[in-house]
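Let me begin by presenting the structure, written as structure tokens, before commenting on it.
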Amino acid sequence: MLHTIRESCVSSRTALMNQMRGLLSDYGFIFPVGVKVFYLELRALVDSENVSSIVRSEIRWSLVEYDLITRRIEQIQKTLLDYSTKNADCTRLESIPGIGPHISSAIVSTIGKGQTFNNARDFAVWTGLTPIQKASGFKSVMSGITKRGDRYLRKLFVQAARHTAQWGKRNPETKLGQWINQIIHRRGVQKGVVAIAHKLARISWILLHKEEKFKAE
């Protein structure tokens, strides 16, 4: 539930900033890309004499709304952190490079110990991270991912995979690090990240199933 509410809050905050960016562009104000930078620019514009008092008033209300949503997001993050700290399964998942409290709590709250799935591959298939296999004649080609199943967990695994890819660069002496660097070298960064996300999903299920922590050998 908290993850769903947080996603809604993040979407609302982004929509609010995009709306203000679009409206102010009509007045000739073009701002740098990025929510935080835009927020600071809005703060400065509140005291500017280059816009009317009506526009400044609306900017103030938008900033109040932004602050309220941000505080709500921060409170949810704190609750998720507390939950993951006290949950043994979350702690196990956080031993995997790239997975933190936010992602671990999402996995555990969604699948528990993964008892619904027969094996790690079934879980990866459910997340939509399993490559599609196409066969023609004597050739079998793996292409793309299914993009079915749980979209939220799939997105989180891909986000985690980007961090795991960086971990692999820093730890090339480990088996996982070697595999990460090889897969990125062969497939490129984007496809490599998806492959890493797939592996993270499988590792997650295994750790939950065996009640073990990840060991980078």
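Here, A, B, ... name the chains of the structure tokens in the order displayed, residue numbers run from 1 inside each chain, and ligands are numbered from 1 in the same displayed order.
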From a backbone DSSP assignment, name each residue in chain A labelled alpha helix (DSSP H), as number ranges by chain.
A: 2-25, 35-46, 53-86, 88-93, 101-111, 120-127, 151-170, 175-187, 189-210
For the selection just defined, write its residues with C-alpha atoms to a file, as a compact mmCIF listing (two decimals), in the first residue's frame.
# COMPACT_ATOMS: atom_id res chain seq x y z
CA LEU A 2 2.73 2.46 0.98
CA HIS A 3 4.61 1.83 -2.27
CA THR A 4 1.43 2.55 -4.26
CA ILE A 5 0.80 5.77 -2.33
CA ARG A 6 4.42 6.84 -2.78
CA GLU A 7 4.27 6.26 -6.54
CA SER A 8 1.10 8.34 -6.70
CA CYS A 9 2.73 11.15 -4.71
CA VAL A 10 5.82 11.14 -6.92
CA SER A 11 3.63 11.29 -10.04
CA SER A 12 1.58 14.15 -8.56
CA ARG A 13 4.71 16.12 -7.67
CA THR A 14 6.17 15.63 -11.14
CA ALA A 15 2.87 16.65 -12.77
CA LEU A 16 2.71 19.77 -10.59
CA MET A 17 6.21 20.84 -11.58
CA ASN A 18 5.59 20.11 -15.26
CA GLN A 19 2.40 22.13 -15.16
CA MET A 20 4.16 25.13 -13.62
CA ARG A 21 7.04 24.79 -16.06
CA GLY A 22 4.61 24.87 -18.99
CA LEU A 23 2.57 27.79 -17.64
CA LEU A 24 5.63 29.91 -16.85
CA SER A 25 7.13 29.22 -20.27
CA VAL A 35 12.82 19.01 -10.40
CA LYS A 36 15.16 20.24 -7.65
CA VAL A 37 16.68 22.96 -9.80
CA PHE A 38 13.26 24.06 -10.97
CA TYR A 39 12.05 24.17 -7.36
CA LEU A 40 14.87 26.54 -6.41
CA GLU A 41 14.14 28.73 -9.43
CA LEU A 42 10.48 28.94 -8.39
CA ARG A 43 11.54 29.99 -4.90
CA ALA A 44 13.55 32.84 -6.40
CA LEU A 45 10.69 33.84 -8.70
CA VAL A 46 8.32 34.36 -5.76
CA SER A 53 1.26 39.50 -8.05
CA ILE A 54 -1.35 36.98 -9.28
CA VAL A 55 1.34 34.78 -10.83
CA ARG A 56 3.49 35.04 -7.68
CA SER A 57 0.51 34.01 -5.58
CA GLU A 58 -0.03 30.89 -7.71
CA ILE A 59 3.65 30.05 -7.50
CA ARG A 60 3.44 30.25 -3.70
CA TRP A 61 0.47 27.86 -3.65
CA SER A 62 2.33 25.47 -5.94
CA LEU A 63 5.36 25.55 -3.67
CA VAL A 64 3.17 24.82 -0.65
CA GLU A 65 1.65 21.87 -2.49
CA TYR A 66 5.11 20.68 -3.54
CA ASP A 67 6.38 20.84 0.04
CA LEU A 68 3.37 18.91 1.37
CA ILE A 69 3.78 16.14 -1.20
CA THR A 70 7.54 15.98 -0.58
CA ARG A 71 7.05 15.65 3.17
CA ARG A 72 4.54 12.86 2.55
CA ILE A 73 7.06 11.03 0.34
CA GLU A 74 9.79 11.45 2.96
CA GLN A 75 7.50 10.10 5.69
CA ILE A 76 6.64 7.05 3.60
CA GLN A 77 10.34 6.47 2.91
CA LYS A 78 11.04 6.60 6.65
CA THR A 79 8.27 4.08 7.34
CA LEU A 80 9.60 1.74 4.64
CA LEU A 81 13.11 2.05 6.08
CA ASP A 82 11.86 1.17 9.56
CA TYR A 83 9.96 -1.79 8.14
CA SER A 84 12.93 -3.12 6.19
CA THR A 85 15.26 -2.73 9.19
CA LYS A 86 13.02 -4.92 11.34
CA ALA A 88 14.68 -10.40 8.28
CA ASP A 89 13.72 -11.09 4.66
CA CYS A 90 14.38 -7.45 3.71
CA THR A 91 17.77 -7.64 5.40
CA ARG A 92 18.61 -10.72 3.34
CA LEU A 93 17.63 -9.01 0.11
CA PRO A 101 15.36 -0.76 1.78
CA HIS A 102 12.91 0.68 -0.76
CA ILE A 103 13.26 -2.20 -3.21
CA SER A 104 13.57 -4.94 -0.59
CA SER A 105 10.37 -3.83 1.15
CA ALA A 106 8.57 -3.77 -2.20
CA ILE A 107 9.65 -7.33 -3.00
CA VAL A 108 8.74 -8.73 0.42
CA SER A 109 5.40 -6.92 0.63
CA THR A 110 4.49 -8.23 -2.84
CA ILE A 111 5.63 -11.87 -2.77
CA ALA A 120 13.56 -18.54 -9.44
CA ARG A 121 12.81 -18.59 -13.16
CA ASP A 122 9.05 -18.57 -12.53
CA PHE A 123 9.48 -15.43 -10.45
CA ALA A 124 11.60 -13.75 -13.14
CA VAL A 125 8.94 -14.64 -15.72
CA TRP A 126 6.24 -13.15 -13.48
CA THR A 127 8.13 -9.85 -13.24
CA ARG A 151 5.38 -3.62 -13.79
CA TYR A 152 6.35 -1.95 -10.52
CA LEU A 153 8.75 -4.69 -9.41
CA ARG A 154 10.18 -4.88 -12.92
CA LYS A 155 10.92 -1.15 -12.82
CA LEU A 156 12.56 -1.45 -9.40
CA PHE A 157 14.73 -4.38 -10.48
CA VAL A 158 15.93 -2.40 -13.50
CA GLN A 159 16.71 0.57 -11.24
CA ALA A 160 18.62 -1.74 -8.90
CA ALA A 161 20.47 -3.27 -11.85
CA ARG A 162 21.97 0.11 -12.78
CA HIS A 163 23.51 0.35 -9.32
CA THR A 164 24.59 -3.29 -9.45
CA ALA A 165 26.33 -2.61 -12.77
CA GLN A 166 28.40 0.10 -11.08
CA TRP A 167 29.15 -2.29 -8.22
CA GLY A 168 30.41 -4.81 -10.77
CA LYS A 169 32.91 -2.28 -12.10
CA ARG A 170 34.25 -1.74 -8.59
CA LYS A 175 32.09 -13.98 -9.72
CA LEU A 176 29.10 -11.66 -9.94
CA GLY A 177 31.34 -8.73 -10.88
CA GLN A 178 32.98 -10.76 -13.65
CA TRP A 179 29.60 -11.85 -14.99
CA ILE A 180 28.26 -8.28 -14.92
CA ASN A 181 31.23 -6.86 -16.80
CA GLN A 182 31.13 -9.64 -19.38
CA ILE A 183 27.39 -9.30 -20.04
CA ILE A 184 27.67 -5.52 -20.49
CA HIS A 185 30.67 -5.97 -22.78
CA ARG A 186 28.77 -8.47 -24.95
CA ARG A 187 25.33 -6.88 -25.02
CA VAL A 189 24.80 -1.17 -21.34
CA GLN A 190 21.02 -1.14 -21.88
CA LYS A 191 20.58 -4.84 -22.63
CA GLY A 192 23.19 -5.65 -20.03
CA VAL A 193 21.21 -3.81 -17.35
CA VAL A 194 18.07 -5.79 -18.22
CA ALA A 195 20.06 -9.04 -18.00
CA ILE A 196 21.37 -7.96 -14.59
CA ALA A 197 17.81 -7.12 -13.47
CA HIS A 198 16.74 -10.62 -14.50
CA LYS A 199 19.56 -12.13 -12.46
CA LEU A 200 18.70 -9.95 -9.45
CA ALA A 201 15.13 -11.23 -9.55
CA ARG A 202 16.33 -14.83 -9.56
CA ILE A 203 18.85 -14.23 -6.77
CA SER A 204 16.14 -12.52 -4.70
CA TRP A 205 13.83 -15.52 -4.92
CA ILE A 206 16.64 -17.91 -4.02
CA LEU A 207 17.62 -15.92 -0.91
CA LEU A 208 14.01 -15.69 0.24
CA HIS A 209 13.45 -19.38 -0.40
CA LYS A 210 16.63 -20.53 1.37
Residues of chain A in strand (DSSP E) according to DSSP, as number ranges by chain?
A: 131-136, 139-145
Could you write out that same residue set with all heavy atoms as a PDB file, in the first residue's frame?
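Everything below was put into selection-v6.pdb:
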ATOM      1  N   PRO A 131      13.754 -12.886 -21.077  1.00  0.00           N
ATOM      2  CA  PRO A 131      13.854 -12.591 -22.517  1.00  0.00           C
ATOM      3  C   PRO A 131      12.889 -13.434 -23.341  1.00  0.00           C
ATOM      4  O   PRO A 131      12.620 -14.585 -23.004  1.00  0.00           O
ATOM      5  CB  PRO A 131      15.315 -12.945 -22.845  1.00  0.00           C
ATOM      6  CG  PRO A 131      16.019 -12.891 -21.544  1.00  0.00           C
ATOM      7  CD  PRO A 131      15.025 -13.334 -20.507  1.00  0.00           C
ATOM      8  N   ILE A 132      12.377 -12.856 -24.416  1.00  0.00           N
ATOM      9  CA  ILE A 132      11.502 -13.581 -25.336  1.00  0.00           C
ATOM     10  C   ILE A 132      12.362 -14.410 -26.282  1.00  0.00           C
ATOM     11  O   ILE A 132      13.335 -13.912 -26.844  1.00  0.00           O
ATOM     12  CB  ILE A 132      10.640 -12.597 -26.151  1.00  0.00           C
ATOM     13  CG1 ILE A 132       9.810 -11.723 -25.216  1.00  0.00           C
ATOM     14  CG2 ILE A 132       9.736 -13.332 -27.126  1.00  0.00           C
ATOM     15  CD1 ILE A 132       9.103 -10.581 -25.930  1.00  0.00           C
ATOM     16  N   GLN A 133      12.027 -15.666 -26.441  1.00  0.00           N
ATOM     17  CA  GLN A 133      12.786 -16.540 -27.332  1.00  0.00           C
ATOM     18  C   GLN A 133      12.035 -16.725 -28.647  1.00  0.00           C
ATOM     19  O   GLN A 133      10.873 -17.091 -28.667  1.00  0.00           O
ATOM     20  CB  GLN A 133      13.028 -17.906 -26.687  1.00  0.00           C
ATOM     21  CG  GLN A 133      13.950 -18.799 -27.504  1.00  0.00           C
ATOM     22  CD  GLN A 133      14.361 -20.033 -26.739  1.00  0.00           C
ATOM     23  OE1 GLN A 133      13.771 -20.359 -25.719  1.00  0.00           O
ATOM     24  NE2 GLN A 133      15.383 -20.716 -27.220  1.00  0.00           N
ATOM     25  N   LYS A 134      12.731 -16.434 -29.747  1.00  0.00           N
ATOM     26  CA  LYS A 134      12.143 -16.590 -31.076  1.00  0.00           C
ATOM     27  C   LYS A 134      12.935 -17.636 -31.848  1.00  0.00           C
ATOM     28  O   LYS A 134      14.158 -17.566 -31.935  1.00  0.00           O
ATOM     29  CB  LYS A 134      12.154 -15.254 -31.828  1.00  0.00           C
ATOM     30  CG  LYS A 134      11.332 -14.160 -31.157  1.00  0.00           C
ATOM     31  CD  LYS A 134      11.399 -12.864 -31.941  1.00  0.00           C
ATOM     32  CE  LYS A 134      10.579 -11.770 -31.271  1.00  0.00           C
ATOM     33  NZ  LYS A 134      10.651 -10.491 -32.021  1.00  0.00           N
ATOM     34  N   ALA A 135      12.231 -18.594 -32.417  1.00  0.00           N
ATOM     35  CA  ALA A 135      12.902 -19.660 -33.157  1.00  0.00           C
ATOM     36  C   ALA A 135      12.482 -19.628 -34.623  1.00  0.00           C
ATOM     37  O   ALA A 135      11.315 -19.403 -34.946  1.00  0.00           O
ATOM     38  CB  ALA A 135      12.566 -21.017 -32.558  1.00  0.00           C
ATOM     39  N   SER A 136      13.479 -19.798 -35.502  1.00  0.00           N
ATOM     40  CA  SER A 136      13.206 -19.840 -36.939  1.00  0.00           C
ATOM     41  C   SER A 136      14.199 -20.803 -37.580  1.00  0.00           C
ATOM     42  O   SER A 136      15.410 -20.578 -37.554  1.00  0.00           O
ATOM     43  CB  SER A 136      13.348 -18.439 -37.554  1.00  0.00           C
ATOM     44  OG  SER A 136      13.177 -18.493 -38.947  1.00  0.00           O
ATOM     45  N   LYS A 139      17.689 -21.728 -35.995  1.00  0.00           N
ATOM     46  CA  LYS A 139      18.195 -20.661 -35.147  1.00  0.00           C
ATOM     47  C   LYS A 139      17.203 -20.349 -34.030  1.00  0.00           C
ATOM     48  O   LYS A 139      15.994 -20.381 -34.225  1.00  0.00           O
ATOM     49  CB  LYS A 139      18.446 -19.386 -35.976  1.00  0.00           C
ATOM     50  CG  LYS A 139      19.576 -19.523 -36.981  1.00  0.00           C
ATOM     51  CD  LYS A 139      19.811 -18.209 -37.697  1.00  0.00           C
ATOM     52  CE  LYS A 139      20.964 -18.311 -38.690  1.00  0.00           C
ATOM     53  NZ  LYS A 139      21.206 -17.021 -39.397  1.00  0.00           N
ATOM     54  N   SER A 140      17.764 -20.037 -32.868  1.00  0.00           N
ATOM     55  CA  SER A 140      16.968 -19.615 -31.719  1.00  0.00           C
ATOM     56  C   SER A 140      17.563 -18.324 -31.200  1.00  0.00           C
ATOM     57  O   SER A 140      18.742 -18.268 -30.834  1.00  0.00           O
ATOM     58  CB  SER A 140      16.980 -20.688 -30.627  1.00  0.00           C
ATOM     59  OG  SER A 140      16.203 -20.261 -29.533  1.00  0.00           O
ATOM     60  N   VAL A 141      16.766 -17.262 -31.183  1.00  0.00           N
ATOM     61  CA  VAL A 141      17.269 -15.935 -30.820  1.00  0.00           C
ATOM     62  C   VAL A 141      16.513 -15.402 -29.616  1.00  0.00           C
ATOM     63  O   VAL A 141      15.284 -15.487 -29.558  1.00  0.00           O
ATOM     64  CB  VAL A 141      17.119 -14.946 -32.001  1.00  0.00           C
ATOM     65  CG1 VAL A 141      17.654 -13.571 -31.607  1.00  0.00           C
ATOM     66  CG2 VAL A 141      17.828 -15.481 -33.229  1.00  0.00           C
ATOM     67  N   MET A 142      17.261 -14.864 -28.649  1.00  0.00           N
ATOM     68  CA  MET A 142      16.651 -14.227 -27.488  1.00  0.00           C
ATOM     69  C   MET A 142      16.556 -12.735 -27.755  1.00  0.00           C
ATOM     70  O   MET A 142      17.533 -12.087 -28.113  1.00  0.00           O
ATOM     71  CB  MET A 142      17.507 -14.475 -26.237  1.00  0.00           C
ATOM     72  CG  MET A 142      17.800 -15.940 -25.966  1.00  0.00           C
ATOM     73  SD  MET A 142      16.326 -16.906 -25.660  1.00  0.00           S
ATOM     74  CE  MET A 142      15.921 -16.363 -24.009  1.00  0.00           C
ATOM     75  N   SER A 143      15.349 -12.167 -27.606  1.00  0.00           N
ATOM     76  CA  SER A 143      15.186 -10.733 -27.891  1.00  0.00           C
ATOM     77  C   SER A 143      14.232 -10.092 -26.903  1.00  0.00           C
ATOM     78  O   SER A 143      13.185 -10.638 -26.592  1.00  0.00           O
ATOM     79  CB  SER A 143      14.629 -10.542 -29.306  1.00  0.00           C
ATOM     80  OG  SER A 143      13.340 -11.083 -29.411  1.00  0.00           O
ATOM     81  N   GLY A 144      14.618  -8.918 -26.413  1.00  0.00           N
ATOM     82  CA  GLY A 144      13.751  -8.133 -25.547  1.00  0.00           C
ATOM     83  C   GLY A 144      13.309  -8.873 -24.292  1.00  0.00           C
ATOM     84  O   GLY A 144      13.803  -9.934 -23.951  1.00  0.00           O
ATOM     85  N   ILE A 145      12.369  -8.271 -23.564  1.00  0.00           N
ATOM     86  CA  ILE A 145      11.761  -8.904 -22.409  1.00  0.00           C
ATOM     87  C   ILE A 145      10.250  -8.884 -22.596  1.00  0.00           C
ATOM     88  O   ILE A 145       9.723  -8.137 -23.423  1.00  0.00           O
ATOM     89  CB  ILE A 145      12.152  -8.192 -21.099  1.00  0.00           C
ATOM     90  CG1 ILE A 145      11.780  -6.703 -21.161  1.00  0.00           C
ATOM     91  CG2 ILE A 145      13.625  -8.365 -20.803  1.00  0.00           C
ATOM     92  CD1 ILE A 145      12.060  -5.952 -19.881  1.00  0.00           C
TER      93      ILE A 145
END
